[in-house]
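structure.cif (mmCIF, C-alpha atoms) appears below.
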```
data_target
#
loop_
_atom_site.label_atom_id
_atom_site.label_comp_id
_atom_site.auth_asym_id
_atom_site.auth_seq_id
_atom_site.Cartn_x
_atom_site.Cartn_y
_atom_site.Cartn_z
CA MET A 953 -54.89 -81.54 -51.83
CA LYS A 954 -52.39 -80.90 -54.60
CA PRO A 955 -48.88 -79.91 -53.48
CA LEU A 956 -48.12 -76.21 -53.73
CA SER A 957 -46.01 -74.91 -56.58
CA SER A 958 -42.30 -74.42 -56.07
CA ASP A 959 -42.77 -70.86 -57.36
CA THR A 960 -41.77 -68.27 -54.73
CA LEU A 961 -45.36 -66.98 -54.79
CA PHE A 962 -46.32 -70.02 -52.73
CA ASN A 963 -43.55 -69.95 -50.11
CA LEU A 964 -44.50 -69.77 -46.48
CA SER A 965 -41.94 -67.14 -45.50
CA PRO A 966 -41.37 -63.84 -47.30
CA LEU A 967 -37.65 -64.47 -46.82
CA ASP A 968 -37.90 -67.30 -49.37
CA GLY A 969 -40.64 -65.59 -51.34
CA ARG A 970 -40.90 -61.83 -51.72
CA TYR A 971 -37.31 -61.19 -50.65
CA ALA A 972 -35.67 -64.31 -52.06
CA SER A 973 -33.56 -62.42 -54.59
CA ASP A 974 -31.96 -60.36 -51.82
CA LEU A 975 -31.27 -63.33 -49.57
CA GLN A 976 -29.80 -66.03 -51.79
CA GLU A 977 -26.53 -66.00 -49.82
CA VAL A 978 -28.33 -66.38 -46.49
CA GLN A 979 -30.53 -69.09 -47.95
CA ASP A 980 -27.44 -71.01 -49.03
CA ALA A 981 -25.83 -70.55 -45.60
CA PHE A 982 -28.78 -72.05 -43.71
CA SER A 983 -30.66 -74.31 -46.10
CA GLU A 984 -31.14 -78.02 -45.48
CA SER A 985 -28.68 -78.62 -48.30
CA ARG A 986 -26.04 -76.55 -46.50
CA LEU A 987 -26.55 -78.50 -43.28
CA ILE A 988 -26.11 -81.79 -45.15
CA ARG A 989 -23.00 -80.49 -46.92
CA GLU A 990 -21.43 -79.25 -43.68
CA ARG A 991 -22.12 -82.57 -41.97
CA ILE A 992 -20.33 -84.36 -44.80
CA HIS A 993 -17.54 -81.80 -44.56
CA VAL A 994 -17.06 -82.48 -40.84
CA GLU A 995 -17.18 -86.25 -41.27
CA MET A 996 -14.57 -86.23 -44.02
CA VAL A 997 -12.14 -83.92 -42.20
CA TYR A 998 -12.47 -86.10 -39.10
CA LEU A 999 -12.04 -89.35 -41.05
CA LYS A 1000 -8.80 -88.08 -42.59
CA ALA A 1001 -7.41 -87.05 -39.19
CA PHE A 1002 -8.55 -90.31 -37.55
CA LEU A 1003 -6.89 -92.54 -40.16
CA LYS A 1004 -3.66 -90.59 -39.82
CA ALA A 1005 -3.67 -90.74 -36.00
CA THR A 1006 -4.36 -94.49 -35.91
CA GLY A 1007 -1.60 -95.52 -38.29
CA ARG A 1008 -3.79 -95.80 -41.40
CA GLU A 1009 -2.62 -92.68 -43.18
CA ASP A 1010 -2.03 -94.63 -46.41
CA TRP A 1011 -5.71 -95.63 -46.43
CA TRP A 1012 -6.71 -92.01 -47.08
CA LYS A 1013 -6.91 -90.68 -50.61
CA GLU A 1014 -7.44 -86.99 -51.30
CA SER A 1015 -10.05 -88.00 -53.88
CA TYR A 1016 -12.30 -89.06 -50.97
CA MET A 1017 -12.80 -85.38 -50.16
CA SER A 1018 -14.74 -85.05 -53.41
CA ILE A 1019 -17.64 -86.70 -51.57
CA TYR A 1020 -17.94 -83.24 -49.97
CA THR A 1021 -16.53 -80.89 -52.59
CA ASP A 1022 -18.39 -82.35 -55.58
CA ILE A 1023 -21.76 -82.98 -53.94
CA ASP A 1024 -24.67 -82.10 -56.21
CA THR A 1025 -28.45 -81.94 -56.01
CA GLU A 1026 -28.87 -85.61 -56.80
CA ASP A 1027 -26.52 -86.52 -53.95
CA LEU A 1028 -28.50 -84.35 -51.57
CA LYS A 1029 -31.72 -86.01 -52.64
CA THR A 1030 -30.09 -89.39 -52.04
CA VAL A 1031 -29.26 -88.36 -48.46
CA LYS A 1032 -32.87 -87.30 -47.89
CA GLU A 1033 -34.13 -90.60 -49.33
CA ILE A 1034 -31.89 -92.49 -46.90
CA GLU A 1035 -33.18 -90.31 -44.05
CA SER A 1036 -36.78 -91.19 -44.94
CA ARG A 1037 -35.83 -94.78 -44.11
CA THR A 1038 -33.43 -94.28 -41.17
CA LYS A 1039 -35.50 -91.49 -39.56
CA HIS A 1040 -32.14 -90.03 -38.47
CA ASP A 1041 -30.52 -87.19 -40.40
CA VAL A 1042 -26.91 -87.75 -39.33
CA ALA A 1043 -27.21 -91.52 -39.84
CA ALA A 1044 -28.32 -90.79 -43.40
CA VAL A 1045 -25.17 -88.76 -43.98
CA ILE A 1046 -23.02 -91.58 -42.57
CA GLU A 1047 -24.63 -94.16 -44.83
CA PHE A 1048 -24.24 -91.88 -47.84
CA ILE A 1049 -20.51 -91.44 -47.16
CA LYS A 1050 -19.90 -95.14 -46.53
CA GLY A 1051 -21.48 -96.00 -49.84
CA GLN A 1052 -18.71 -94.13 -51.66
CA LEU A 1053 -15.71 -95.52 -49.77
CA PRO A 1054 -13.76 -98.82 -49.94
CA GLU A 1055 -14.93 -101.60 -47.65
CA LYS A 1056 -11.95 -101.37 -45.30
CA VAL A 1057 -12.46 -97.64 -44.67
CA ARG A 1058 -16.20 -97.78 -44.01
CA PRO A 1059 -16.06 -98.93 -40.33
CA TYR A 1060 -14.12 -95.78 -39.42
CA VAL A 1061 -16.62 -93.26 -40.74
CA HIS A 1062 -18.07 -91.43 -37.70
CA PHE A 1063 -15.86 -93.60 -35.43
CA GLY A 1064 -16.51 -92.66 -31.79
CA LEU A 1065 -18.49 -89.59 -32.75
CA THR A 1066 -21.92 -88.66 -31.53
CA SER A 1067 -24.34 -86.80 -33.77
CA GLU A 1068 -23.80 -83.70 -31.68
CA ASP A 1069 -20.07 -83.76 -32.47
CA VAL A 1070 -21.04 -83.40 -36.11
CA ASN A 1071 -23.96 -81.04 -35.59
CA ASN A 1072 -22.25 -78.51 -33.35
CA LEU A 1073 -19.45 -78.10 -35.88
CA SER A 1074 -21.86 -77.93 -38.82
CA HIS A 1075 -24.08 -75.30 -37.21
CA GLY A 1076 -21.00 -73.37 -36.11
CA LEU A 1077 -19.75 -73.24 -39.69
CA MET A 1078 -23.16 -72.07 -40.90
CA ILE A 1079 -23.34 -69.29 -38.31
CA VAL A 1080 -19.84 -68.08 -39.16
CA ALA A 1081 -20.74 -68.05 -42.87
CA ALA A 1082 -23.87 -66.02 -42.14
CA ARG A 1083 -21.89 -63.65 -39.91
CA ASP A 1084 -19.57 -62.97 -42.85
CA ILE A 1085 -22.53 -62.27 -45.15
CA LEU A 1086 -23.94 -59.85 -42.59
CA LEU A 1087 -20.56 -58.11 -42.25
CA LYS A 1088 -20.36 -57.60 -46.02
CA HIS A 1089 -23.72 -55.84 -46.12
CA LEU A 1090 -23.03 -53.91 -42.91
CA LYS A 1091 -19.81 -52.55 -44.40
CA GLY A 1092 -21.84 -51.38 -47.40
CA LEU A 1093 -24.24 -49.48 -45.12
CA ILE A 1094 -21.36 -47.94 -43.16
CA ARG A 1095 -19.67 -46.69 -46.32
CA GLU A 1096 -22.91 -45.24 -47.68
CA LEU A 1097 -23.61 -43.53 -44.38
CA SER A 1098 -20.05 -42.24 -44.00
CA GLY A 1099 -20.16 -40.66 -47.44
CA LEU A 1100 -23.42 -38.88 -46.65
CA ALA A 1101 -22.02 -37.72 -43.30
CA SER A 1102 -18.87 -36.36 -44.91
CA ASP A 1103 -20.84 -34.50 -47.58
CA ASN A 1104 -22.94 -32.83 -44.87
CA ARG A 1105 -20.18 -32.18 -42.34
CA ASP A 1106 -21.16 -28.49 -42.01
CA ARG A 1107 -24.87 -28.72 -42.81
CA ARG A 1108 -26.29 -26.90 -39.78
CA MET A 1109 -29.64 -27.77 -38.34
CA ILE A 1110 -31.65 -27.27 -35.18
CA GLY A 1111 -30.92 -29.87 -32.54
CA ARG A 1112 -33.86 -31.41 -30.72
CA THR A 1113 -33.83 -32.74 -27.20
CA HIS A 1114 -37.10 -34.21 -25.92
CA GLY A 1115 -38.41 -33.16 -29.33
CA GLU A 1116 -37.95 -29.48 -28.44
CA VAL A 1117 -35.68 -26.94 -30.11
CA ALA A 1118 -32.13 -27.20 -28.75
CA THR A 1119 -28.54 -26.18 -29.52
CA PRO A 1120 -27.64 -26.54 -33.21
CA THR A 1121 -25.79 -29.53 -34.59
CA THR A 1122 -25.02 -30.67 -38.14
CA MET A 1123 -26.58 -33.45 -40.15
CA GLY A 1124 -23.08 -34.70 -40.95
CA LYS A 1125 -22.10 -35.08 -37.31
CA GLU A 1126 -25.33 -36.91 -36.43
CA LEU A 1127 -24.91 -39.34 -39.32
CA ALA A 1128 -21.21 -39.80 -38.52
CA LEU A 1129 -22.12 -40.95 -35.00
CA TYR A 1130 -24.38 -43.64 -36.45
CA SER A 1131 -21.65 -44.67 -38.85
CA LEU A 1132 -19.23 -45.00 -35.93
CA ARG A 1133 -21.68 -47.03 -33.85
CA PHE A 1134 -22.28 -49.40 -36.75
CA ALA A 1135 -18.52 -49.64 -37.34
CA LYS A 1136 -17.88 -50.60 -33.71
CA MET A 1137 -20.41 -53.41 -34.05
CA TYR A 1138 -18.80 -54.47 -37.33
CA SER A 1139 -15.42 -54.71 -35.63
CA GLU A 1140 -16.85 -56.61 -32.68
CA LEU A 1141 -18.62 -59.16 -34.87
CA LYS A 1142 -15.61 -59.59 -37.13
CA ASP A 1143 -13.44 -60.62 -34.19
CA MET A 1144 -15.91 -63.20 -32.84
CA ASN A 1145 -15.76 -66.91 -33.50
CA ILE A 1146 -17.81 -69.95 -32.60
CA GLN A 1147 -16.42 -72.74 -30.45
CA GLY A 1148 -16.63 -76.34 -31.59
CA LYS A 1149 -15.91 -79.70 -30.00
CA ILE A 1150 -15.44 -83.40 -30.62
CA LEU A 1151 -15.85 -85.06 -27.21
CA GLY A 1152 -18.24 -87.98 -27.59
CA ALA A 1153 -21.40 -89.05 -25.80
CA THR A 1154 -21.00 -87.10 -22.54
CA GLY A 1155 -18.09 -84.83 -23.35
CA ASN A 1156 -15.24 -86.95 -21.94
CA LEU A 1157 -13.82 -88.77 -25.00
CA ASN A 1158 -14.63 -92.14 -23.33
CA ALA A 1159 -15.17 -94.18 -26.50
CA PHE A 1160 -12.18 -92.65 -28.21
CA VAL A 1161 -9.66 -93.35 -25.48
CA GLY A 1162 -11.28 -96.71 -24.73
CA THR A 1163 -10.58 -97.99 -28.24
CA TYR A 1164 -7.36 -96.09 -29.00
CA PRO A 1165 -5.72 -95.14 -25.69
CA ASP A 1166 -2.42 -94.21 -27.30
CA VAL A 1167 -3.86 -91.51 -29.56
CA ASP A 1168 -3.52 -87.90 -28.39
CA TRP A 1169 -7.22 -87.16 -28.64
CA PHE A 1170 -6.84 -83.62 -27.35
CA GLU A 1171 -4.52 -82.84 -30.24
CA LEU A 1172 -6.53 -84.75 -32.85
CA THR A 1173 -9.80 -83.04 -31.99
CA ARG A 1174 -8.10 -79.63 -31.84
CA GLU A 1175 -6.64 -80.24 -35.30
CA VAL A 1176 -10.02 -81.13 -36.78
CA VAL A 1177 -11.93 -78.23 -35.21
CA GLU A 1178 -9.32 -75.64 -36.14
CA GLU A 1179 -8.96 -76.99 -39.70
CA LEU A 1180 -12.69 -76.33 -40.04
CA GLY A 1181 -12.07 -72.74 -38.94
CA LEU A 1182 -13.72 -72.85 -35.51
CA GLU A 1183 -12.34 -72.30 -32.01
CA HIS A 1184 -11.55 -75.60 -30.28
CA THR A 1185 -12.81 -76.36 -26.78
CA LEU A 1186 -12.37 -79.38 -24.48
CA PHE A 1187 -15.11 -78.31 -22.10
CA SER A 1188 -18.52 -79.61 -23.09
CA LEU A 1189 -21.32 -82.04 -22.42
CA GLN A 1190 -22.63 -84.16 -25.27
CA ILE A 1191 -24.37 -81.02 -26.35
CA MET A 1192 -22.05 -78.12 -27.01
CA PRO A 1193 -22.92 -75.38 -24.47
CA GLY A 1194 -24.28 -72.46 -26.45
CA ASP A 1195 -22.24 -69.72 -24.80
CA THR A 1196 -20.40 -68.64 -27.94
CA TYR A 1197 -23.61 -68.90 -29.97
CA ALA A 1198 -25.32 -66.65 -27.44
CA ILE A 1199 -22.47 -64.13 -27.37
CA LEU A 1200 -22.38 -63.78 -31.16
CA LEU A 1201 -26.17 -63.71 -31.50
CA ASP A 1202 -26.42 -61.14 -28.70
CA SER A 1203 -24.05 -58.94 -30.69
CA VAL A 1204 -26.26 -59.31 -33.76
CA LYS A 1205 -29.27 -58.53 -31.55
CA ARG A 1206 -27.66 -55.25 -30.47
CA LEU A 1207 -27.04 -54.47 -34.12
CA SER A 1208 -30.78 -54.98 -34.66
CA GLY A 1209 -31.48 -52.47 -31.90
CA LEU A 1210 -29.14 -49.91 -33.43
CA LEU A 1211 -30.75 -50.37 -36.85
CA ILE A 1212 -34.17 -49.76 -35.32
CA ASP A 1213 -32.87 -46.57 -33.69
CA TYR A 1214 -31.28 -45.40 -36.94
CA ASP A 1215 -34.38 -46.14 -39.01
CA GLN A 1216 -36.68 -44.39 -36.56
CA ASN A 1217 -34.51 -41.27 -36.34
CA ILE A 1218 -34.11 -41.00 -40.10
CA TRP A 1219 -37.89 -41.47 -40.38
CA THR A 1220 -38.31 -38.56 -37.94
CA TYR A 1221 -36.02 -36.35 -40.02
CA PHE A 1222 -38.23 -37.12 -43.02
CA MET A 1223 -41.26 -36.12 -40.95
CA LEU A 1224 -39.56 -32.84 -40.01
CA ALA A 1225 -38.82 -32.34 -43.73
CA TYR A 1226 -35.08 -32.08 -43.07
CA LEU A 1227 -34.65 -34.96 -45.48
CA PHE A 1228 -36.44 -36.11 -48.59
CA GLN A 1229 -35.89 -38.89 -51.11
CA LYS A 1230 -34.94 -39.27 -54.71
CA ALA A 1231 -38.07 -39.66 -56.77
CA ASP A 1232 -38.58 -42.70 -58.97
CA ALA A 1233 -40.91 -41.70 -61.79
CA SER A 1234 -42.37 -45.19 -62.12
CA SER A 1235 -43.00 -45.86 -58.41
CA ILE A 1236 -46.14 -45.08 -56.42
CA GLY A 1237 -45.87 -43.79 -52.86
CA SER A 1238 -49.55 -43.97 -52.00
CA SER A 1239 -52.50 -45.61 -53.71
CA THR A 1240 -54.59 -42.52 -53.03
CA MET A 1241 -52.19 -39.56 -52.56
CA PRO A 1242 -50.07 -39.04 -55.67
CA HIS A 1243 -47.71 -36.55 -54.02
CA LYS A 1244 -46.21 -38.97 -51.53
CA ILE A 1245 -42.73 -40.51 -51.51
CA ASN A 1246 -42.90 -42.65 -48.40
CA PRO A 1247 -39.72 -43.67 -46.50
CA ILE A 1248 -40.62 -47.31 -47.07
CA LYS A 1249 -37.04 -48.58 -47.23
CA PHE A 1250 -36.43 -47.41 -43.68
CA GLU A 1251 -39.80 -48.74 -42.54
CA ASN A 1252 -39.00 -52.11 -44.14
CA SER A 1253 -35.60 -52.10 -42.46
CA GLU A 1254 -37.13 -51.26 -39.08
CA GLY A 1255 -39.73 -54.02 -39.29
CA ASN A 1256 -37.19 -56.66 -40.25
CA ALA A 1257 -34.78 -55.48 -37.55
CA GLN A 1258 -37.57 -55.80 -34.98
CA LEU A 1259 -38.29 -59.36 -36.11
CA ALA A 1260 -34.59 -60.20 -35.93
CA GLU A 1261 -34.25 -58.63 -32.48
CA SER A 1262 -37.11 -60.72 -31.14
CA LEU A 1263 -35.81 -63.99 -32.61
CA LEU A 1264 -32.23 -63.34 -31.54
CA THR A 1265 -33.33 -62.60 -27.99
CA PHE A 1266 -35.01 -66.00 -27.86
CA PHE A 1267 -32.03 -67.80 -29.40
CA SER A 1268 -29.45 -66.31 -27.05
CA GLN A 1269 -31.61 -67.23 -24.06
CA LYS A 1270 -32.31 -70.72 -25.36
CA PHE A 1271 -28.73 -71.65 -26.16
CA MET A 1272 -27.55 -70.85 -22.64
CA LYS A 1273 -29.63 -73.72 -21.28
CA THR A 1274 -28.97 -77.48 -21.43
CA ARG A 1275 -30.76 -80.41 -19.81
CA LEU A 1276 -28.24 -82.72 -18.13
CA GLN A 1277 -25.81 -83.99 -20.78
CA ARG A 1278 -28.20 -83.83 -23.75
CA ASP A 1279 -31.69 -83.14 -24.96
CA LEU A 1280 -32.99 -82.39 -28.42
CA THR A 1281 -34.98 -79.18 -27.92
CA ASP A 1282 -32.10 -77.20 -29.37
CA SER A 1283 -32.09 -79.19 -32.62
CA THR A 1284 -35.23 -77.76 -34.18
CA VAL A 1285 -34.42 -74.32 -32.77
CA LYS A 1286 -31.00 -74.21 -34.45
CA ARG A 1287 -32.64 -74.92 -37.79
CA ASN A 1288 -34.32 -71.51 -37.46
CA ILE A 1289 -31.24 -69.37 -36.82
CA GLY A 1290 -31.21 -68.61 -40.53
CA THR A 1291 -34.58 -66.88 -40.20
CA ALA A 1292 -33.11 -64.34 -37.79
CA PHE A 1293 -30.11 -63.78 -40.06
CA GLY A 1294 -32.44 -63.40 -43.02
CA HIS A 1295 -34.33 -60.60 -41.28
CA ILE A 1296 -31.23 -58.77 -40.04
CA VAL A 1297 -29.46 -58.96 -43.41
CA LEU A 1298 -32.63 -57.71 -45.11
CA ALA A 1299 -32.83 -54.86 -42.57
CA VAL A 1300 -29.26 -53.81 -43.37
CA ILE A 1301 -29.85 -54.06 -47.13
CA TYR A 1302 -32.91 -51.81 -47.00
CA ALA A 1303 -31.23 -49.34 -44.63
CA GLN A 1304 -28.37 -49.01 -47.12
CA ARG A 1305 -30.73 -48.56 -50.05
CA GLY A 1306 -32.71 -45.96 -48.15
CA THR A 1307 -29.56 -44.11 -47.13
CA GLY A 1308 -28.45 -44.02 -50.75
CA ASP A 1309 -31.74 -42.29 -51.67
CA ILE A 1310 -31.49 -39.51 -49.06
CA LEU A 1311 -31.52 -35.90 -50.21
CA ILE A 1312 -30.95 -32.96 -47.85
CA ASN A 1313 -33.57 -30.21 -47.58
CA ASP A 1314 -31.24 -27.25 -47.08
CA ALA A 1315 -34.05 -24.71 -47.34
CA LYS A 1316 -36.06 -26.32 -44.55
CA MET A 1317 -33.09 -26.52 -42.19
CA ASP A 1318 -32.22 -22.87 -42.86
CA GLU A 1319 -35.84 -21.88 -42.30
CA GLU A 1320 -35.96 -23.74 -38.97
CA LEU A 1321 -32.77 -22.04 -37.81
CA ALA A 1322 -34.04 -18.63 -38.86
CA ASN A 1323 -37.37 -19.07 -37.05
CA ASN A 1324 -36.10 -20.69 -33.84
CA GLY A 1325 -33.36 -18.61 -32.27
CA GLN A 1326 -34.54 -19.25 -28.71
CA PHE A 1327 -31.81 -21.86 -28.35
CA PHE A 1328 -29.38 -18.93 -27.88
CA SER A 1329 -30.72 -18.66 -24.33
CA GLU A 1330 -28.13 -21.27 -23.38
CA LEU A 1331 -25.27 -19.02 -24.49
CA VAL A 1332 -26.73 -15.80 -23.09
CA GLN A 1333 -27.39 -17.17 -19.60
CA LEU A 1334 -23.84 -18.51 -19.43
CA VAL A 1335 -22.38 -15.17 -20.52
CA GLU A 1336 -24.48 -13.35 -17.93
CA ARG A 1337 -23.40 -15.75 -15.21
CA ASP A 1338 -19.78 -15.36 -16.29
CA ARG A 1339 -20.22 -11.61 -15.86
CA GLY A 1340 -21.35 -12.14 -12.28
CA ALA A 1341 -25.14 -12.28 -12.67
CA SER A 1342 -26.10 -15.21 -10.46
CA ASP A 1343 -29.70 -14.99 -11.71
CA GLY A 1344 -28.67 -15.20 -15.38
CA TYR A 1345 -30.52 -18.46 -15.92
CA ASP A 1346 -33.76 -17.23 -14.35
CA HIS A 1347 -33.55 -14.01 -16.30
CA LEU A 1348 -33.31 -15.83 -19.65
CA LYS A 1349 -35.98 -18.28 -18.58
CA LYS A 1350 -38.47 -15.42 -18.20
CA GLN A 1351 -37.51 -13.97 -21.55
CA THR A 1352 -37.48 -17.09 -23.70
CA ARG A 1353 -39.30 -20.03 -22.10
CA GLY A 1354 -42.24 -21.20 -24.19
CA LYS A 1355 -41.63 -18.50 -26.77
CA ARG A 1356 -40.50 -18.67 -30.36
CA MET A 1357 -37.87 -16.08 -31.15
CA SER A 1358 -36.19 -15.66 -34.49
CA TYR A 1359 -32.48 -16.10 -35.02
CA ALA A 1360 -32.21 -12.42 -36.00
CA GLU A 1361 -34.08 -11.27 -32.88
CA MET A 1362 -31.80 -13.23 -30.60
CA VAL A 1363 -28.65 -12.03 -32.39
CA LYS A 1364 -29.87 -8.42 -32.04
CA MET A 1365 -30.53 -8.94 -28.34
CA MET A 1366 -27.10 -10.50 -27.82
CA THR A 1367 -25.33 -7.78 -29.76
CA GLU A 1368 -27.03 -5.12 -27.65
CA ALA A 1369 -25.89 -7.05 -24.57
CA GLY A 1370 -22.30 -6.80 -25.77
CA ILE A 1371 -21.85 -10.35 -26.96
CA GLU A 1372 -19.50 -10.32 -29.93
CA ALA A 1373 -20.43 -11.75 -33.33
CA GLU A 1374 -17.43 -14.09 -33.20
CA THR A 1375 -18.67 -15.56 -29.92
CA ILE A 1376 -22.13 -16.09 -31.41
CA GLU A 1377 -20.74 -17.81 -34.51
CA THR A 1378 -18.37 -19.98 -32.46
CA TYR A 1379 -21.25 -21.09 -30.25
CA VAL A 1380 -23.50 -21.97 -33.20
CA LYS A 1381 -20.74 -23.89 -34.94
CA GLY A 1382 -19.42 -25.68 -31.86
CA LEU A 1383 -16.98 -28.46 -32.65
CA THR A 1384 -19.39 -30.44 -34.80
CA GLY A 1385 -17.06 -30.47 -37.81
CA GLU A 1386 -14.10 -31.73 -35.80
CA ILE A 1387 -16.24 -34.36 -34.07
CA CYS A 1388 -17.58 -35.50 -37.45
CA ASP A 1389 -14.03 -35.79 -38.82
CA LYS A 1390 -12.79 -37.75 -35.81
CA ALA A 1391 -15.76 -40.12 -35.94
CA LEU A 1392 -15.27 -40.83 -39.64
CA ALA A 1393 -11.54 -41.36 -39.17
CA GLU A 1394 -12.34 -43.94 -36.48
CA VAL A 1395 -14.86 -45.60 -38.79
CA LYS A 1396 -12.22 -45.97 -41.47
CA LYS A 1397 -9.90 -47.73 -39.03
CA LEU A 1398 -12.58 -50.05 -37.70
CA ILE A 1399 -13.75 -51.36 -41.08
CA SER A 1400 -10.40 -51.50 -42.86
#
```

Could you show the structure in this file as structure tokens?
Amino acid sequence: MKPLSSDTLFNLSPLDGRYASDLQEVQDAFSESRLIRERIHVEMVYLKAFLKATGREDWWKESYMSIYTDIDTEDLKTVKEIESRTKHDVAAVIEFIKGQLPEKVRPYVHFGLTSEDVNNLSHGLMIVAARDILLKHLKGLIRELSGLASDNRDRRMIGRTHGEVATPTTMGKELALYSLRFAKMYSELKDMNIQGKILGATGNLNAFVGTYPDVDWFELTREVVEELGLEHTLFSLQIMPGDTYAILLDSVKRLSGLLIDYDQNIWTYFMLAYLFQKADASSIGSSTMPHKINPIKFENSEGNAQLAESLLTFFSQKFMKTRLQRDLTDSTVKRNIGTAFGHIVLAVIYAQRGTGDILINDAKMDEELANNGQFFSELVQLVERDRGASDGYDHLKKQTRGKRMSYAEMVKMMTEAGIEAETIETYVKGLTGEICDKALAEVKKLIS
């Protein structure tokens, strides 16, 4: 069989095929090339610190760091060619680095390290990079959503509880609450970091202290991990316990759940005709019904968020488990974290695009309010009870339950009952505008 073309039409995953143009940053963050580059990065930062700590500081030349900073496609292919012979990916990186260093320096490449010392730091760097990509797109969605919420601060509409007509709200307030929820998740994710370690074969620095007992290995390893931008820990097995992976990925999983909720509720507002979309003259909504403009951006977002949620659930469960001091089941799993990030970033991208296309159907919302005044029963029964009628609720239940009464009919009934117009207007308005303002002010603080 001939090998498949490198054209994206032939890729196994739509993340690298259909959606490749949207996910180039995520692809770079989690590709095999990125893993190789980060391994080289870790090795070189450690080598520099090791030479300094063992009295060989003058052996280090800053030009050595170009092995990492100037790596190109041919170098990456060389590493893979070495791996085809060694059958060990980290060993291939070590051999590649040694081949570009003076003879006297070569023995100290990867000195005392285990592959997991290199891998945990490399994967940690990749996850942090992907987190930052996700945050960038999430901020874009929050800003788009906040603008729409602000524009519709006072756009009244029927509320719906259990799908039934309920007390009015505003579209702006409902969207502002989503914006705030997304902003809280943005802030939470922004403040998270991944732990990293250099502790040797079983997590006790045995080989390090055995060969160089006078070196402060706690300080050296802290220096290396923090220079890489991760949070240093001394408490590990050979495998780095996946607690911080699980915590961060659980946060992303909850973001997936919120995206699903947002997409489904916006979809429902389209179904109710409260919202509609900007029309693109060249696009086709349905292959058979020319009138349709389907909410496909939100449906795409929802589907990708569901895929991400499922994968992230598995990852966070998996990374909490280790087998004695080390096993390799996590290795192939970690290579797939990028798939989950690909789906969640895509979900955010499409949610933002969909939000940017939203138009408000003022006429439909006004019509719904005019035709469904039965929600006023809440106000009337409270007024009656406040006047001393203990059966106020039951009285309104008989008059309004299961019936559709117009806004005008209910206002007439309330006016005849002595309820003032100002009270009616205050009830309908509520404090939705103030709540919307407060939510958006909080959003601004959280994403600044």

### Query
Which protein, DNA or RNA residues have an atom at most 8 Å from (-18.1, -80.0, -28.7), counting only C-alpha atoms? List them as an NGL selection string.
:A and (1068-1069 or 1072-1073 or 1147-1151 or 1155 or 1185-1193)

### Task
Let me know the residues the PyMOL selection byres ((chain A and resi 1109) around 6) catches in the file above, as a count of residues only.
6

### Message
Applying 8 Å and only C-alpha atoms, which residues near His1295 (chain A) remain after dropping the ones on its own chain fewer than 3 positions away? List them as a PyMOL selection string.
### Response
chain A and resi 967+1256-1257+1259-1260+1291-1292+1298-1299

### Task
Would you kindly return, as a list in words, each protein, DNA or RNA residue with an atom no farther than 7 Å from any atom of Tyr1302 (chain A), considering all atoms listed in the file and excluding same-chain residues fewer than 6 positions away?
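In the requested format, the answer is Lys1249, Phe1250, Asn1252 and Ser1253 of chain A.
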
### Message
Quick check on the file I pasted: which residues fall under the PyMOL selection byres ((chain A and resi 1325-1329) around 7)? Write them as a PyMOL selection string.
### Response
chain A and resi 1117-1119+1321-1324+1330-1333+1348+1352+1356-1359+1362

### Message
As an exercise, work out the distance from CA of Leu1201 (chain A) to CA of Ala1303 (chain A) in Å and give it to one decimal place.
### Response
20.1 Å
